[in-house]
Each structure stands twice: as C-alpha cells, then as structure tokens.
$ cat input-v3.tsv   # TSV, C-alpha atoms
chain	number	residue	atom	x	y	z
A	1	MET	CA	43.31	2.43	-59.56
A	2	THR	CA	40.33	3.98	-57.83
A	3	HIS	CA	40.08	5.50	-54.40
A	4	ALA	CA	37.63	3.69	-52.16
A	5	GLY	CA	36.21	6.79	-50.50
A	6	PRO	CA	36.79	8.60	-47.24
A	7	VAL	CA	39.60	7.57	-44.92
A	8	PRO	CA	38.22	6.06	-41.71
A	9	VAL	CA	39.38	6.84	-38.18
A	10	LEU	CA	41.33	3.91	-36.71
A	11	ALA	CA	42.12	4.26	-33.00
A	12	GLY	CA	44.92	2.50	-31.15
A	13	GLU	CA	46.54	2.95	-27.75
A	14	ARG	CA	49.53	4.98	-28.99
A	15	CYS	CA	48.08	6.68	-32.06
A	16	THR	CA	45.04	7.25	-34.24
A	17	LEU	CA	44.98	7.00	-38.00
A	18	ARG	CA	42.71	9.55	-39.66
A	19	ALA	CA	42.35	11.73	-42.73
A	20	LEU	CA	44.76	14.60	-43.22
A	21	THR	CA	43.30	18.09	-42.93
A	22	SER	CA	44.62	21.50	-43.89
A	23	ALA	CA	45.13	22.20	-40.16
A	24	ASP	CA	47.79	19.44	-40.12
A	25	ALA	CA	50.12	21.29	-42.51
A	26	PRO	CA	52.31	23.07	-39.89
A	27	SER	CA	52.87	19.87	-37.91
A	28	ILE	CA	53.51	17.76	-41.02
A	29	ALA	CA	55.98	20.38	-42.29
A	30	ARG	CA	57.83	20.47	-38.96
A	31	HIS	CA	58.17	16.67	-38.69
A	32	ALA	CA	58.89	16.05	-42.40
A	33	ASN	CA	61.56	18.75	-42.65
A	34	ASP	CA	64.14	16.56	-40.93
A	35	ALA	CA	67.05	15.07	-42.86
A	36	ALA	CA	66.98	11.97	-40.63
A	37	VAL	CA	63.35	11.33	-41.62
A	38	VAL	CA	63.85	12.05	-45.31
A	39	ARG	CA	66.99	9.89	-45.54
A	40	ASN	CA	64.90	6.72	-45.54
A	41	LEU	CA	62.00	7.87	-47.70
A	42	PHE	CA	61.83	7.19	-51.40
A	43	GLU	CA	63.03	9.52	-54.12
A	44	GLY	CA	60.65	12.39	-54.73
A	45	PHE	CA	60.00	13.29	-51.09
A	46	PRO	CA	61.18	16.91	-50.99
A	47	HIS	CA	63.87	18.26	-48.70
A	48	PRO	CA	63.76	20.85	-47.39
A	49	TYR	CA	60.09	20.14	-46.76
A	50	THR	CA	58.34	23.48	-46.61
A	51	LEU	CA	54.97	24.61	-45.28
A	52	ALA	CA	53.90	24.98	-48.93
A	53	HIS	CA	54.71	21.27	-49.51
A	54	ALA	CA	52.69	20.33	-46.43
A	55	GLU	CA	49.75	22.54	-47.40
A	56	ALA	CA	49.62	20.90	-50.82
A	57	TRP	CA	49.90	17.41	-49.31
A	58	CYS	CA	47.31	18.02	-46.59
A	59	GLY	CA	44.87	19.42	-49.16
A	60	PRO	CA	42.99	17.46	-51.78
A	61	GLN	CA	46.17	16.19	-53.52
A	62	HIS	CA	46.59	13.26	-51.12
A	63	ARG	CA	43.16	12.01	-52.17
A	64	GLU	CA	44.24	11.47	-55.79
A	65	PRO	CA	44.17	7.78	-56.79
A	66	GLN	CA	47.93	7.40	-57.29
A	67	TYR	CA	48.45	7.98	-53.56
A	68	GLY	CA	46.05	5.21	-52.54
A	69	HIS	CA	44.66	5.52	-49.03
A	70	VAL	CA	46.58	8.13	-47.03
A	71	PHE	CA	46.28	8.44	-43.26
A	72	ALA	CA	47.66	11.00	-40.84
A	73	ILE	CA	49.38	9.33	-37.88
A	74	ASP	CA	47.93	11.33	-34.99
A	75	VAL	CA	49.46	11.35	-31.51
A	76	ALA	CA	47.60	13.38	-28.89
A	77	GLY	CA	45.80	15.46	-31.53
A	78	GLU	CA	48.91	16.20	-33.65
A	79	ALA	CA	49.71	14.73	-37.06
A	80	VAL	CA	53.25	13.40	-36.54
A	81	GLY	CA	53.56	11.41	-39.77
A	82	CYS	CA	51.71	9.67	-42.57
A	83	LEU	CA	50.90	6.13	-43.64
A	84	GLY	CA	49.76	5.04	-47.09
A	85	VAL	CA	48.18	1.86	-48.44
A	86	MET	CA	48.63	1.93	-52.21
A	87	PRO	CA	46.74	-0.79	-54.13
A	88	GLN	CA	48.58	-1.78	-57.28
A	89	PRO	CA	47.00	-1.72	-60.75
A	90	GLY	CA	46.31	-4.38	-63.36
A	91	PHE	CA	47.61	-7.89	-62.85
A	92	LEU	CA	49.11	-6.80	-59.50
A	93	ALA	CA	45.71	-5.67	-58.16
A	94	CYS	CA	45.81	-8.26	-55.36
A	95	ASN	CA	48.79	-6.36	-53.88
A	96	ALA	CA	49.13	-3.09	-52.01
A	97	MET	CA	52.33	-1.36	-51.03
A	98	VAL	CA	52.45	0.19	-47.58
A	99	GLY	CA	54.68	3.07	-46.60
A	100	TYR	CA	54.93	5.26	-43.53
A	101	TRP	CA	57.02	7.82	-41.75
A	102	ILE	CA	56.86	9.55	-38.37
A	103	GLY	CA	58.73	12.50	-36.93
A	104	GLN	CA	61.98	11.72	-35.15
A	105	ALA	CA	60.61	12.94	-31.80
A	106	HIS	CA	58.25	9.93	-31.88
A	107	TRP	CA	60.74	7.22	-32.89
A	108	GLY	CA	61.24	4.17	-30.70
A	109	ARG	CA	57.86	4.35	-28.94
A	110	GLY	CA	55.94	1.69	-30.90
A	111	ILE	CA	53.82	4.28	-32.71
A	112	ALA	CA	54.77	3.30	-36.27
A	113	ALA	CA	54.27	-0.42	-35.56
A	114	GLU	CA	50.84	0.21	-34.06
A	115	ALA	CA	49.89	2.46	-37.00
A	116	LEU	CA	50.94	-0.27	-39.44
A	117	GLU	CA	48.98	-2.91	-37.49
A	118	LEU	CA	45.85	-0.70	-37.58
A	119	ALA	CA	46.21	-0.05	-41.31
A	120	THR	CA	46.88	-3.72	-42.07
A	121	ARG	CA	43.71	-4.87	-40.24
A	122	TRP	CA	41.75	-2.12	-42.00
A	123	ALA	CA	43.11	-3.12	-45.44
A	124	TRP	CA	42.05	-6.75	-45.02
A	125	ASP	CA	38.53	-5.64	-44.08
A	126	ALA	CA	38.10	-2.74	-46.53
A	127	LEU	CA	39.94	-3.99	-49.61
A	128	PRO	CA	38.70	-7.51	-50.36
A	129	ARG	CA	40.73	-7.91	-53.58
A	130	LEU	CA	43.98	-7.81	-51.62
A	131	THR	CA	45.86	-10.99	-50.83
A	132	ARG	CA	49.23	-9.38	-50.04
A	133	LEU	CA	50.53	-6.22	-48.42
A	134	TYR	CA	54.20	-5.43	-48.90
A	135	ALA	CA	56.69	-2.89	-47.60
A	136	PRO	CA	59.96	-2.18	-49.45
A	137	ILE	CA	62.56	-0.78	-47.04
A	138	PHE	CA	66.14	0.37	-47.56
A	139	VAL	CA	68.52	-2.28	-46.16
A	140	ARG	CA	70.22	0.46	-44.11
A	141	ASN	CA	66.95	1.21	-42.28
A	142	ALA	CA	67.06	-1.39	-39.50
A	143	ALA	CA	64.54	0.54	-37.38
A	144	SER	CA	61.87	0.36	-40.08
A	145	GLN	CA	62.56	-3.35	-40.51
A	146	ARG	CA	61.83	-3.80	-36.78
A	147	VAL	CA	58.59	-1.82	-37.23
A	148	VAL	CA	57.24	-4.15	-39.92
A	149	GLU	CA	58.35	-7.23	-38.01
A	150	LYS	CA	56.48	-6.00	-34.90
A	151	ALA	CA	53.42	-5.49	-37.12
A	152	GLY	CA	53.57	-9.14	-38.24
A	153	TYR	CA	55.25	-8.77	-41.65
A	154	GLN	CA	57.83	-11.34	-42.75
A	155	ARG	CA	61.00	-10.73	-44.70
A	156	GLU	CA	60.21	-11.77	-48.24
A	157	ALA	CA	63.18	-10.79	-50.39
A	158	LEU	CA	66.43	-8.92	-50.72
A	159	LEU	CA	66.37	-6.75	-53.84
A	160	PRO	CA	69.98	-5.70	-54.54
A	161	ARG	CA	70.63	-2.39	-56.31
A	162	SER	CA	66.91	-1.84	-56.88
A	163	MET	CA	66.16	1.74	-55.82
A	164	ILE	CA	67.71	5.17	-56.24
A	165	ARG	CA	67.88	7.75	-53.46
A	166	ASP	CA	69.92	10.96	-53.77
A	167	GLY	CA	71.74	9.58	-56.81
A	168	GLN	CA	72.79	6.38	-55.02
A	169	VAL	CA	71.58	2.94	-56.07
A	170	LEU	CA	70.56	1.14	-52.88
A	171	ASP	CA	69.52	-2.33	-51.79
A	172	ILE	CA	65.96	-2.94	-50.64
A	173	VAL	CA	64.65	-5.58	-48.28
A	174	GLN	CA	61.01	-6.37	-48.88
A	175	TYR	CA	58.61	-7.47	-46.19
A	176	ALA	CA	55.09	-8.78	-46.73
A	177	THR	CA	52.05	-10.17	-45.00
A	178	TYR	CA	49.31	-12.26	-46.55
A	179	ARG	CA	45.57	-12.37	-46.07
A	180	GLU	CA	45.56	-16.06	-45.11
A	181	ASP	CA	47.95	-15.26	-42.23
A	182	HIS	CA	45.28	-12.96	-40.78
A	183	ALA	CA	42.19	-15.12	-41.29

$ encode --input "input-v3.tsv" --output "structure tokens"
Amino acid sequence: MTHAGPVPVLAGERCTLRALTSADAPSIARHANDAAVVRNLFEGFPHPYTLAHAEAWCGPQHREPQYGHVFAIDVAGEAVGCLGVMPQPGFLACNAMVGYWIGQAHWGRGIAAEALELATRWAWDALPRLTRLYAPIFVRNAASQRVVEKAGYQREALLPRSMIRDGQVLDIVQYATYREDHA
C-alpha cells in the first residue's frame, strides 16, 4: 500500500477535514482519553490515551502507509477526532476501510456523518482504483450505525464473533457504499 501524498482540506458546514499537526496533540489527547470513546474503537487504541500518544499520532507516524489517509476532524479550529480511509492491499485493492471517532462533547450533532460524507466524496475522486468503501462497526454501537447510514452507506453483513475488544469476542455489522451508487 502506498500513501497518495498530502491530505487535502475538505470543508463542510459542521466540520473541516484536514491533516493532523503537532499543535493538535493536546486536543486529540483530551478527546481520545475518554472511556466512552475508546469503548467502540478497535483493539490497539490505547487507554488511557496520553499526551505522548497524541504527540506520536499527530507527528509523522500517521503518514505511514499502514494508516492510509488520516484526517483530523476539525470543529471551529480544534481537532475533535480523526477519520481514516485505509485502502486494502493485493487482491482487495479495490476496497478501502473507513474508520472515525469524535470526542463525546461533539456527539449527536451530525459532525461525524458530515465528515464521513466529505471523506467518501474525496475517496471516489482521489482514489480511482476503489469500487467499495466499507465500515465495520460493533453491533452494540447503534450511534455509529446511524452515522454511516446518514452518510449513505448500506448495511452489508452481520459478522458474528468476528472481532476482539478488551478480551471479549464481539459481533460486527458491516456497512458499505459502492462507486456506482455515487456516479
């Protein structure tokens, strides 16, 4: 997998997607260090989430190819979360997984759905190999399922006992959208 270059600025009404900067670390640390946020993120997201974690993430690490295209979700000049578009390798190269999170103080305001809509439109334009974007979500995370539905994704599959979080094997519901639906 190769990184396609600099992250563009994508402006919406509720938020802007942009590159992370080192100045975002304190805000990212504050919003990410919330058990309610971390509960629905995949294994490997640290908790507690320290300033050192945020400084590493907001530095050059997030530009490594395995992270795909990483955006800060900016509301009124503050990074309140992140969104990633991760193209898949090899025979899955026509797919990209999307993932996102925002701080709890910004939940329920349409910010995540708008961010996902912006990133989806960008992906279709910037990544011509893609035919499918998909978002795996814990079944227990009804709010995130509403986010992807608002952004135009359709429920594609239930994947029972398919992911581990905090030592528990959990069910995933997978949503997707397809290039031909956006032509």

$ closest_residue --input "input-v3.tsv" --among "A:Arg165, A:His182, A:Arg18, A:His106" --to "Val38 (chain A)" --atoms "all atoms listed in the file"
A:Arg165

$ residues_around --input "input-v3.tsv" --residues "Arg132 (chain A)" --least-positions-apart "6" --cutoff "7 Å" --atoms "only C-alpha atoms" --output "list in words"
Cys94, Asn95, Ala96, Ala176, Thr177, Tyr178 and Arg179 of chain A

$ residues_around --input "input-v3.tsv" --residues "Ile164 (chain A)" --least-positions-apart "3" --cutoff "12 Å" --atoms "all atoms listed in the file" --output "PDB file with C-alpha atoms, in the coordinates of the input"
ATOM      1  CA  ARG A  39      66.990   9.890 -45.540  1.00  0.00           C
ATOM      2  CA  ASN A  40      64.900   6.720 -45.540  1.00  0.00           C
ATOM      3  CA  LEU A  41      62.000   7.870 -47.700  1.00  0.00           C
ATOM      4  CA  PHE A  42      61.830   7.190 -51.400  1.00  0.00           C
ATOM      5  CA  GLU A  43      63.030   9.520 -54.120  1.00  0.00           C
ATOM      6  CA  GLY A  44      60.650  12.390 -54.730  1.00  0.00           C
ATOM      7  CA  PHE A 138      66.140   0.370 -47.560  1.00  0.00           C
ATOM      8  CA  PRO A 160      69.980  -5.700 -54.540  1.00  0.00           C
ATOM      9  CA  ARG A 161      70.630  -2.390 -56.310  1.00  0.00           C
ATOM     10  CA  GLY A 167      71.740   9.580 -56.810  1.00  0.00           C
ATOM     11  CA  GLN A 168      72.790   6.380 -55.020  1.00  0.00           C
ATOM     12  CA  VAL A 169      71.580   2.940 -56.070  1.00  0.00           C
ATOM     13  CA  LEU A 170      70.560   1.140 -52.880  1.00  0.00           C
ATOM     14  CA  ASP A 171      69.520  -2.330 -51.790  1.00  0.00           C
ATOM     15  CA  ILE A 172      65.960  -2.940 -50.640  1.00  0.00           C
TER      16      ILE A 172
END

$ atom_distance --input "input-v3.tsv" --atom1 "CA of Arg121 (chain A)" --atom2 "CA of Ala54 (chain A)"
27.5 Å

$ atom_distance --input "input-v3.tsv" --atom1 "CA of His31 (chain A)" --atom2 "CA of Ala105 (chain A)"
8.2 Å

$ closest_residue --input "input-v3.tsv" --among "A:Met97, A:Ser27, A:Ile137, A:Val37" --to "Thr50 (chain A)" --atoms "only C-alpha atoms"
A:Ser27

$ closest_residue --input "input-v3.tsv" --among "A:Arg129, A:Arg146, A:Arg140, A:Arg30" --to "Glu78 (chain A)" --atoms "all atoms listed in the file"
A:Arg30

$ build_atoms --input "input-v3.tsv" --residues "region 89-121 of chain A" --atoms "N, CA and C atoms" --output "mmCIF file, keeping the file's coordinate frame"
data_model
loop_
_atom_site.group_PDB
_atom_site.id
_atom_site.type_symbol
_atom_site.label_atom_id
_atom_site.label_comp_id
_atom_site.auth_asym_id
_atom_site.auth_seq_id
_atom_site.Cartn_x
_atom_site.Cartn_y
_atom_site.Cartn_z
ATOM 1 N N PRO A 89 47.921 -1.574 -59.616
ATOM 2 C CA PRO A 89 47.000 -1.720 -60.750
ATOM 3 C C PRO A 89 47.166 -3.033 -61.507
ATOM 4 N N GLY A 90 46.217 -3.299 -62.383
ATOM 5 C CA GLY A 90 46.310 -4.380 -63.360
ATOM 6 C C GLY A 90 46.487 -5.747 -62.746
ATOM 7 N N PHE A 91 47.423 -6.513 -63.305
ATOM 8 C CA PHE A 91 47.610 -7.890 -62.850
ATOM 9 C C PHE A 91 48.198 -7.967 -61.444
ATOM 10 N N LEU A 92 48.614 -6.840 -60.887
ATOM 11 C CA LEU A 92 49.110 -6.800 -59.500
ATOM 12 C C LEU A 92 48.038 -6.320 -58.521
ATOM 13 N N ALA A 93 46.792 -6.265 -58.952
ATOM 14 C CA ALA A 93 45.710 -5.670 -58.160
ATOM 15 C C ALA A 93 45.428 -6.398 -56.841
ATOM 16 N N CYS A 94 45.984 -7.572 -56.639
ATOM 17 C CA CYS A 94 45.810 -8.260 -55.360
ATOM 18 C C CYS A 94 46.869 -7.825 -54.349
ATOM 19 N N ASN A 95 47.712 -6.878 -54.724
ATOM 20 C CA ASN A 95 48.790 -6.360 -53.880
ATOM 21 C C ASN A 95 48.552 -4.901 -53.528
ATOM 22 N N ALA A 96 49.051 -4.513 -52.362
ATOM 23 C CA ALA A 96 49.130 -3.090 -52.010
ATOM 24 C C ALA A 96 50.453 -2.854 -51.313
ATOM 25 N N MET A 97 51.102 -1.767 -51.687
ATOM 26 C CA MET A 97 52.330 -1.360 -51.030
ATOM 27 C C MET A 97 51.965 -0.477 -49.848
ATOM 28 N N VAL A 98 52.647 -0.681 -48.732
ATOM 29 C CA VAL A 98 52.450 0.190 -47.580
ATOM 30 C C VAL A 98 53.728 0.981 -47.348
ATOM 31 N N GLY A 99 53.555 2.212 -46.931
ATOM 32 C CA GLY A 99 54.680 3.070 -46.600
ATOM 33 C C GLY A 99 54.271 3.999 -45.475
ATOM 34 N N TYR A 100 55.226 4.423 -44.695
ATOM 35 C CA TYR A 100 54.930 5.260 -43.530
ATOM 36 C C TYR A 100 56.171 6.039 -43.135
ATOM 37 N N TRP A 101 55.939 7.092 -42.397
ATOM 38 C CA TRP A 101 57.020 7.820 -41.750
ATOM 39 C C TRP A 101 56.436 8.536 -40.534
ATOM 40 N N ILE A 102 57.260 8.725 -39.528
ATOM 41 C CA ILE A 102 56.860 9.550 -38.370
ATOM 42 C C ILE A 102 58.035 10.455 -38.009
ATOM 43 N N GLY A 103 57.703 11.560 -37.361
ATOM 44 C CA GLY A 103 58.730 12.500 -36.930
ATOM 45 C C GLY A 103 59.671 11.877 -35.927
ATOM 46 N N GLN A 104 60.915 12.289 -35.982
ATOM 47 C CA GLN A 104 61.980 11.720 -35.150
ATOM 48 C C GLN A 104 61.668 11.784 -33.657
ATOM 49 N N ALA A 105 60.959 12.814 -33.221
ATOM 50 C CA ALA A 105 60.610 12.940 -31.800
ATOM 51 C C ALA A 105 59.736 11.784 -31.312
ATOM 52 N N HIS A 106 59.162 11.025 -32.239
ATOM 53 C CA HIS A 106 58.250 9.930 -31.880
ATOM 54 C C HIS A 106 58.833 8.549 -32.190
ATOM 55 N N TRP A 107 60.088 8.490 -32.589
ATOM 56 C CA TRP A 107 60.740 7.220 -32.890
ATOM 57 C C TRP A 107 60.926 6.393 -31.624
ATOM 58 N N GLY A 108 60.909 5.081 -31.793
ATOM 59 C CA GLY A 108 61.240 4.170 -30.700
ATOM 60 C C GLY A 108 60.168 4.013 -29.648
ATOM 61 N N ARG A 109 58.943 4.427 -29.930
ATOM 62 C CA ARG A 109 57.860 4.350 -28.940
ATOM 63 C C ARG A 109 56.743 3.391 -29.376
ATOM 64 N N GLY A 110 56.938 2.648 -30.449
ATOM 65 C CA GLY A 110 55.940 1.690 -30.900
ATOM 66 C C GLY A 110 54.802 2.296 -31.699
ATOM 67 N N ILE A 111 54.901 3.579 -32.010
ATOM 68 C CA ILE A 111 53.820 4.280 -32.710
ATOM 69 C C ILE A 111 53.701 3.792 -34.153
ATOM 70 N N ALA A 112 54.813 3.719 -34.867
ATOM 71 C CA ALA A 112 54.770 3.300 -36.270
ATOM 72 C C ALA A 112 54.275 1.856 -36.395
ATOM 73 N N ALA A 113 54.727 0.971 -35.508
ATOM 74 C CA ALA A 113 54.270 -0.420 -35.560
ATOM 75 C C ALA A 113 52.772 -0.511 -35.297
ATOM 76 N N GLU A 114 52.287 0.237 -34.326
ATOM 77 C CA GLU A 114 50.840 0.210 -34.060
ATOM 78 C C GLU A 114 50.070 0.785 -35.253
ATOM 79 N N ALA A 115 50.561 1.872 -35.833
ATOM 80 C CA ALA A 115 49.890 2.460 -37.000
ATOM 81 C C ALA A 115 49.827 1.443 -38.136
ATOM 82 N N LEU A 116 50.920 0.725 -38.377
ATOM 83 C CA LEU A 116 50.940 -0.270 -39.440
ATOM 84 C C LEU A 116 49.990 -1.427 -39.122
ATOM 85 N N GLU A 117 49.926 -1.858 -37.879
ATOM 86 C CA GLU A 117 48.980 -2.910 -37.490
ATOM 87 C C GLU A 117 47.542 -2.462 -37.743
ATOM 88 N N LEU A 118 47.208 -1.232 -37.359
ATOM 89 C CA LEU A 118 45.850 -0.700 -37.580
ATOM 90 C C LEU A 118 45.519 -0.664 -39.071
ATOM 91 N N ALA A 119 46.454 -0.165 -39.874
ATOM 92 C CA ALA A 119 46.210 -0.050 -41.310
ATOM 93 C C ALA A 119 46.118 -1.424 -41.974
ATOM 94 N N THR A 120 46.905 -2.371 -41.504
ATOM 95 C CA THR A 120 46.880 -3.720 -42.070
ATOM 96 C C THR A 120 45.525 -4.376 -41.805
ATOM 97 N N ARG A 121 45.045 -4.308 -40.560
ATOM 98 C CA ARG A 121 43.710 -4.870 -40.240
ATOM 99 C C ARG A 121 42.634 -4.194 -41.072
#
